[in-house]
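Data file: protein07.cif. Format and content: mmCIF, C-alpha atoms.
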data_query
#
loop_
_atom_site.label_atom_id
_atom_site.label_comp_id
_atom_site.auth_asym_id
_atom_site.auth_seq_id
_atom_site.Cartn_x
_atom_site.Cartn_y
_atom_site.Cartn_z
CA MET A 1 29.21 14.97 4.31
CA LYS A 2 29.65 16.24 0.79
CA ASN A 3 29.22 13.59 -1.86
CA LYS A 4 30.94 14.77 -5.05
CA LEU A 5 30.01 11.61 -6.96
CA LEU A 6 26.33 12.44 -6.73
CA SER A 7 26.41 14.71 -9.75
CA ASN A 8 27.45 11.80 -11.97
CA LYS A 9 24.30 10.07 -13.20
CA SER A 10 26.31 7.00 -14.21
CA ASN A 11 26.63 6.21 -10.50
CA LEU A 12 22.84 5.92 -10.15
CA GLN A 13 21.83 2.32 -9.53
CA VAL A 14 18.24 1.83 -10.70
CA LEU A 15 16.63 -1.25 -9.14
CA TYR A 16 13.19 -0.95 -10.77
CA GLU A 17 11.49 1.40 -13.19
CA ASP A 18 8.17 1.63 -15.02
CA ASN A 19 5.85 4.44 -16.13
CA HIS A 20 4.82 5.26 -12.57
CA LEU A 21 7.75 4.35 -10.29
CA ILE A 22 11.50 4.46 -10.13
CA VAL A 23 13.40 2.73 -7.33
CA VAL A 24 17.10 3.36 -6.73
CA ASN A 25 19.82 2.06 -4.42
CA LYS A 26 20.97 5.01 -2.30
CA ARG A 27 24.63 5.31 -1.40
CA VAL A 28 26.30 6.61 1.75
CA GLY A 29 26.16 10.40 1.83
CA ASP A 30 23.29 10.84 -0.63
CA ILE A 31 20.52 13.09 0.64
CA VAL A 32 17.12 12.10 -0.72
CA GLN A 33 15.67 15.61 -0.83
CA GLY A 34 17.27 19.06 -0.73
CA ASP A 35 18.11 20.47 2.70
CA LYS A 36 19.98 23.35 4.32
CA THR A 37 23.36 21.90 3.31
CA GLY A 38 22.70 22.89 -0.28
CA ASP A 39 24.18 19.58 -1.48
CA LYS A 40 22.68 18.10 -4.61
CA PRO A 41 19.89 15.69 -3.61
CA LEU A 42 19.24 12.25 -5.03
CA SER A 43 15.85 13.47 -6.29
CA ASP A 44 17.61 15.91 -8.66
CA VAL A 45 19.94 13.17 -9.93
CA VAL A 46 16.95 10.92 -10.66
CA LYS A 47 15.19 13.77 -12.50
CA GLU A 48 18.25 14.27 -14.69
CA TYR A 49 18.42 10.54 -15.37
CA ILE A 50 14.76 10.49 -16.50
CA LYS A 51 15.16 13.64 -18.57
CA ASP A 52 18.20 12.24 -20.40
CA LYS A 53 16.86 8.71 -20.84
CA TYR A 54 13.55 9.76 -22.37
CA ASN A 55 14.66 13.06 -23.94
CA LYS A 56 11.99 14.89 -21.95
CA PRO A 57 11.57 18.61 -22.66
CA GLY A 58 10.97 20.97 -19.76
CA SER A 59 10.82 19.94 -16.12
CA VAL A 60 10.46 16.34 -14.97
CA TYR A 61 7.83 15.35 -12.39
CA LEU A 62 9.21 13.33 -9.48
CA GLY A 63 7.49 12.74 -6.15
CA VAL A 64 9.50 11.96 -3.01
CA VAL A 65 7.65 9.17 -1.21
CA HIS A 66 9.95 8.48 1.76
CA ARG A 67 13.50 9.16 2.94
CA LEU A 68 16.53 7.37 4.32
CA ASP A 69 19.03 8.94 6.72
CA ARG A 70 22.07 10.37 4.97
CA PRO A 71 24.56 7.80 6.38
CA THR A 72 22.22 4.91 5.49
CA THR A 73 22.13 3.00 2.19
CA GLY A 74 19.53 1.05 0.23
CA ILE A 75 16.11 1.26 -1.36
CA VAL A 76 14.47 4.61 -2.10
CA VAL A 77 11.19 4.81 -4.04
CA PHE A 78 10.21 7.82 -6.15
CA ALA A 79 6.91 8.42 -7.97
CA LYS A 80 6.99 9.45 -11.63
CA THR A 81 3.30 10.43 -11.70
CA SER A 82 1.01 12.28 -9.30
CA LYS A 83 -1.37 9.30 -9.28
CA ALA A 84 1.44 7.01 -8.09
CA LEU A 85 2.59 9.54 -5.47
CA THR A 86 -0.85 9.83 -3.88
CA ARG A 87 -1.31 6.07 -3.76
CA LEU A 88 2.21 5.34 -2.53
CA ASN A 89 1.82 7.91 0.24
CA LYS A 90 -1.31 6.05 1.34
CA LEU A 91 0.46 2.68 1.20
CA PHE A 92 3.21 3.99 3.48
CA ALA A 93 0.73 5.73 5.81
CA ASP A 94 -1.40 2.59 6.09
CA LYS A 95 1.72 0.42 6.67
CA HIS A 96 1.01 -1.69 3.59
CA ILE A 97 4.65 -1.60 2.53
CA HIS A 98 6.87 -4.25 4.13
CA LYS A 99 10.37 -2.89 4.86
CA THR A 100 13.34 -5.09 5.72
CA TYR A 101 16.72 -3.70 6.73
CA TRP A 102 20.14 -5.21 7.32
CA ALA A 103 22.20 -3.84 10.19
CA ILE A 104 25.72 -4.74 11.31
CA VAL A 105 26.46 -4.45 15.03
CA GLY A 106 29.54 -5.08 17.15
CA ILE A 107 27.72 -6.57 20.12
CA LYS A 108 25.29 -9.45 19.64
CA PRO A 109 21.84 -8.89 21.17
CA THR A 110 21.09 -11.06 24.21
CA LYS A 111 18.33 -12.83 22.29
CA THR A 112 18.92 -14.22 18.79
CA LYS A 113 15.55 -12.88 17.69
CA GLY A 114 12.96 -10.65 19.25
CA THR A 115 10.57 -7.70 19.10
CA LEU A 116 11.57 -4.28 20.41
CA ILE A 117 8.91 -1.87 21.63
CA HIS A 118 9.88 1.62 22.76
CA TRP A 119 8.49 5.13 22.85
CA LEU A 120 10.77 7.48 20.94
CA LYS A 121 11.09 11.19 21.55
CA LYS A 122 12.92 13.36 19.03
CA ASN A 123 15.12 16.26 20.04
CA PRO A 124 15.21 18.62 17.03
CA LYS A 125 18.15 20.57 18.49
CA ASN A 126 20.60 17.70 18.04
CA ASN A 127 18.54 15.69 15.52
CA LYS A 128 18.54 12.69 17.82
CA SER A 129 15.86 10.44 19.26
CA LYS A 130 15.75 8.90 22.71
CA ALA A 131 14.07 5.58 23.55
CA PHE A 132 11.86 5.10 26.60
CA ILE A 133 10.35 1.85 27.84
CA LYS A 134 7.14 3.68 28.80
CA GLU A 135 5.21 6.44 27.08
CA VAL A 136 6.37 9.99 27.84
CA ASN A 137 5.12 13.37 26.64
CA ASP A 138 5.47 13.87 22.87
CA SER A 139 6.78 10.33 22.33
CA LYS A 140 5.75 7.94 19.56
CA LYS A 141 5.45 4.18 19.83
CA ALA A 142 8.11 2.30 17.85
CA ILE A 143 8.03 -1.42 17.04
CA LEU A 144 10.55 -3.54 15.16
CA HIS A 145 11.35 -7.24 14.85
CA TYR A 146 14.91 -8.48 14.49
CA GLN A 147 16.88 -11.68 14.12
CA VAL A 148 20.60 -12.44 13.99
CA LEU A 149 21.31 -13.72 10.49
CA LYS A 150 25.04 -14.31 10.63
CA ALA A 151 28.08 -14.07 12.91
CA LEU A 152 30.95 -12.36 11.11
CA GLN A 153 34.59 -12.25 12.17
CA ARG A 154 34.11 -9.24 14.46
CA TYR A 155 30.49 -8.27 13.92
CA PHE A 156 26.96 -9.62 13.66
CA LEU A 157 24.48 -9.21 10.81
CA LEU A 158 20.90 -8.51 11.91
CA GLU A 159 17.78 -8.52 9.78
CA VAL A 160 15.23 -5.94 10.93
CA ASP A 161 11.57 -5.75 9.95
CA LEU A 162 9.97 -2.40 10.71
CA GLU A 163 6.41 -2.22 11.97
CA THR A 164 6.54 1.55 12.47
CA GLY A 165 8.65 4.23 10.80
CA ARG A 166 10.01 6.64 13.41
CA HIS A 167 12.91 9.08 13.36
CA HIS A 168 16.19 7.08 13.56
CA GLN A 169 14.11 4.15 14.81
CA ILE A 170 16.42 1.21 14.06
CA ARG A 171 19.48 3.15 15.18
CA VAL A 172 18.10 4.19 18.55
CA GLN A 173 16.26 0.94 19.32
CA LEU A 174 19.28 -1.28 18.64
CA SER A 175 21.46 1.11 20.64
CA SER A 176 19.00 0.91 23.53
CA ILE A 177 19.59 -2.85 23.86
CA GLY A 178 23.37 -2.41 23.77
CA SER A 179 23.89 -3.17 20.06
CA PRO A 180 24.63 0.13 18.28
CA ILE A 181 25.14 -0.04 14.52
CA LYS A 182 28.70 -0.11 13.18
CA GLY A 183 29.91 3.43 12.50
CA ASP A 184 27.00 5.12 14.28
CA LEU A 185 28.77 7.48 16.69
CA LYS A 186 25.52 9.35 17.33
CA TYR A 187 23.99 6.29 18.95
CA GLY A 188 26.95 4.84 20.77
CA PHE A 189 29.25 2.95 18.40
CA ASN A 190 32.86 3.57 19.45
CA ARG A 191 34.28 4.67 16.09
CA SER A 192 33.15 6.06 12.78
CA ASN A 193 33.37 4.42 9.36
CA PRO A 194 35.94 5.87 6.93
CA ASP A 195 33.19 7.00 4.52
CA GLY A 196 31.15 8.68 7.26
CA GLY A 197 28.29 6.23 6.81
CA ILE A 198 26.82 3.57 9.04
CA HIS A 199 26.22 -0.12 8.36
CA LEU A 200 22.46 0.13 8.01
CA HIS A 201 20.98 -0.86 4.66
CA SER A 202 17.39 -0.82 3.39
CA ARG A 203 17.57 -4.31 1.95
CA LYS A 204 14.09 -5.32 0.78
CA LEU A 205 10.74 -3.71 -0.02
CA VAL A 206 7.52 -5.63 -0.69
CA PHE A 207 4.32 -3.88 -1.78
CA VAL A 208 1.45 -3.93 -4.24
CA HIS A 209 2.05 -1.66 -7.22
CA PRO A 210 -0.09 1.47 -6.71
CA VAL A 211 -1.40 1.45 -10.30
CA SER A 212 -1.04 -2.02 -11.85
CA LYS A 213 -1.81 -3.80 -8.53
CA THR A 214 0.88 -6.40 -9.19
CA ASP A 215 3.15 -7.64 -6.38
CA ILE A 216 6.50 -5.84 -6.31
CA ILE A 217 9.52 -7.29 -4.49
CA ILE A 218 12.74 -5.27 -4.61
CA THR A 219 16.08 -6.27 -3.11
CA ALA A 220 19.01 -3.85 -2.98
CA PRO A 221 22.61 -5.12 -3.19
CA THR A 222 24.73 -4.06 -0.23
CA PRO A 223 27.57 -1.55 -0.67
CA SER A 224 30.94 -2.99 -1.60
CA ASP A 225 33.18 -3.13 1.44
CA PRO A 226 34.83 -6.04 3.31
CA VAL A 227 32.22 -6.19 6.09
CA TRP A 228 29.18 -6.09 3.82
CA ASP A 229 30.87 -8.49 1.40
CA ALA A 230 31.20 -11.04 4.23
CA CYS A 231 27.41 -10.98 4.65
CA ASN A 232 26.62 -12.19 1.15
#
Please express the file's structure as structure tokens.
Amino acid sequence: MKNKLLSNKSNLQVLYEDNHLIVVNKRVGDIVQGDKTGDKPLSDVVKEYIKDKYNKPGSVYLGVVHRLDRPTTGIVVFAKTSKALTRLNKLFADKHIHKTYWAIVGIKPTKTKGTLIHWLKKNPKNNKSKAFIKEVNDSKKAILHYQVLKALQRYFLLEVDLETGRHHQIRVQLSSIGSPIKGDLKYGFNRSNPDGGIHLHSRKLVFVHPVSKTDIIITAPTPSDPVWDACN
């Protein structure tokens, strides 16, 4: 999905910034890093923002630490220095970054709260993962914890804490228990959202700053639409 607004730096919502990090609130349709679509990535928009804000000559250093799926919204962290990038990569690899997501589903899970454990296998041909209850060849173990936060008029708001970070993990695991995410046609929801996105939002990130060693807690406002607005 082409996102024409992405070229406008005024639409960039910066949640946190210092000498080493910049954290932004990704919108539906933004791609974090360049891909075969040729669409302008969020990383380029952030570089332009830094260049303009600080009147930097030449090229701007920006390290991509992690990614969010294109139809997903919420927190994305970038490194402004190579030192921060190396240390952030280690924090993510060692699972020392606590990630909380909000997801809106049409069917309430059987249990109000629980832990989901599956083995996920990615099919690169259709860019889709499949969940298995037992390990299969080339599968990776996926663990998440969820709880129902709120019953909406037609939907349910879930809070999801990730223990692992697998391809489409929240999407496929919630779908596997009969609760696909609103708008997620790929994983079984019955209709798409008008903006082509899905109601999955990277809501909160908690970690120790890779350089200053201070505690960082970042919360991303949800997109503005009637369903998300009913959650707040």
Self-check item: Contacts of Lys186 of chain A within 9 Å, only C-alpha atoms, excl. fewer than 3 positions in-chain, as a ChimeraX atom specification
Solution: /A:128,171,183,189
Checklist entry - If you apply the PyMOL selection byres ((chain A and resi 225) around 12) to this file, what residues do you get, as number ranges by chain? => result A: 28, 193-195, 197-199, 221-224, 226-232
Mind dumping the selected residues with C-alpha atoms as a CSV table (one decimal), keeping the file's coordinate frame?
chain,number,residue,atom,x,y,z
A,28,VAL,CA,26.3,6.6,1.8
A,193,ASN,CA,33.4,4.4,9.4
A,194,PRO,CA,35.9,5.9,6.9
A,195,ASP,CA,33.2,7.0,4.5
A,197,GLY,CA,28.3,6.2,6.8
A,198,ILE,CA,26.8,3.6,9.0
A,199,HIS,CA,26.2,-0.1,8.4
A,221,PRO,CA,22.6,-5.1,-3.2
A,222,THR,CA,24.7,-4.1,-0.2
A,223,PRO,CA,27.6,-1.6,-0.7
A,224,SER,CA,30.9,-3.0,-1.6
A,226,PRO,CA,34.8,-6.0,3.3
A,227,VAL,CA,32.2,-6.2,6.1
A,228,TRP,CA,29.2,-6.1,3.8
A,229,ASP,CA,30.9,-8.5,1.4
A,230,ALA,CA,31.2,-11.0,4.2
A,231,CYS,CA,27.4,-11.0,4.6
A,232,ASN,CA,26.6,-12.2,1.2
Of A:Thr110, A:Ser202, A:Thr164, A:Gln33, the one sitting nearest Gly178 of chain A when using all atoms listed in the file is A:Thr110
Contacts of segment 87-103 of chain A at 10 Å or less, counting all atoms listed in the file, minus same-chain residues fewer than 2 places along, as a PyMOL selection string?
chain A and resi 21+63-66+72-75+77-79+82-85+105+144-149+156-165+170-171+174+180-182+198-211+216-217+219-220+222+228+231
Out of A:Gln13, A:Asn126, A:Asn19, A:Ser59, which residue has the shortest atom-to-atom distance to Lys80 of chain A when counting all atoms listed in the file?
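With all atoms listed in the file as the atom set, the closest residue is A:Asn19.
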Separation of atom CA of Asn123 of chain A from atom CA of Lys140 of chain A, in Å and rounded to one decimal
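Atom CA of Lys140 of chain A lies at a distance of 12.5 Å from atom CA of Asn123 of chain A.
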Handout entry: Counting all atoms listed in the file, the residue of A:Val136, A:Val32, A:Leu116, A:Val14 that sits nearest Ile177 of chain A
Key =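 The closest residue to Ile177 of chain A is A:Leu116.
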Generate N, CA and C atoms for segment 50-61 of chain A and emit them as a CSV table (one decimal), keeping the file's coordinate frame.
chain,number,residue,atom,x,y,z
A,50,ILE,N,16.0,10.7,-15.7
A,50,ILE,CA,14.8,10.5,-16.5
A,50,ILE,C,14.7,11.4,-17.7
A,51,LYS,N,15.1,12.7,-17.5
A,51,LYS,CA,15.2,13.6,-18.6
A,51,LYS,C,16.1,13.2,-19.7
A,52,ASP,N,17.2,12.7,-19.4
A,52,ASP,CA,18.2,12.2,-20.4
A,52,ASP,C,17.7,11.0,-21.1
A,53,LYS,N,17.2,10.0,-20.3
A,53,LYS,CA,16.9,8.7,-20.8
A,53,LYS,C,15.7,8.8,-21.8
A,54,TYR,N,14.8,9.7,-21.5
A,54,TYR,CA,13.6,9.8,-22.4
A,54,TYR,C,13.5,11.0,-23.2
A,55,ASN,N,14.6,11.8,-23.2
A,55,ASN,CA,14.7,13.1,-23.9
A,55,ASN,C,13.5,14.0,-23.6
A,56,LYS,N,13.2,14.1,-22.4
A,56,LYS,CA,12.0,14.9,-22.0
A,56,LYS,C,12.3,16.4,-22.0
A,57,PRO,N,11.4,17.1,-22.7
A,57,PRO,CA,11.6,18.6,-22.7
A,57,PRO,C,11.0,19.2,-21.4
A,58,GLY,N,11.5,20.3,-20.9
A,58,GLY,CA,11.0,21.0,-19.8
A,58,GLY,C,11.3,20.2,-18.5
A,59,SER,N,10.5,20.5,-17.4
A,59,SER,CA,10.8,19.9,-16.1
A,59,SER,C,10.2,18.5,-16.0
A,60,VAL,N,10.9,17.7,-15.2
A,60,VAL,CA,10.5,16.3,-15.0
A,60,VAL,C,9.7,16.2,-13.6
A,61,TYR,N,8.6,15.6,-13.6
A,61,TYR,CA,7.8,15.4,-12.4
A,61,TYR,C,8.5,14.2,-11.6
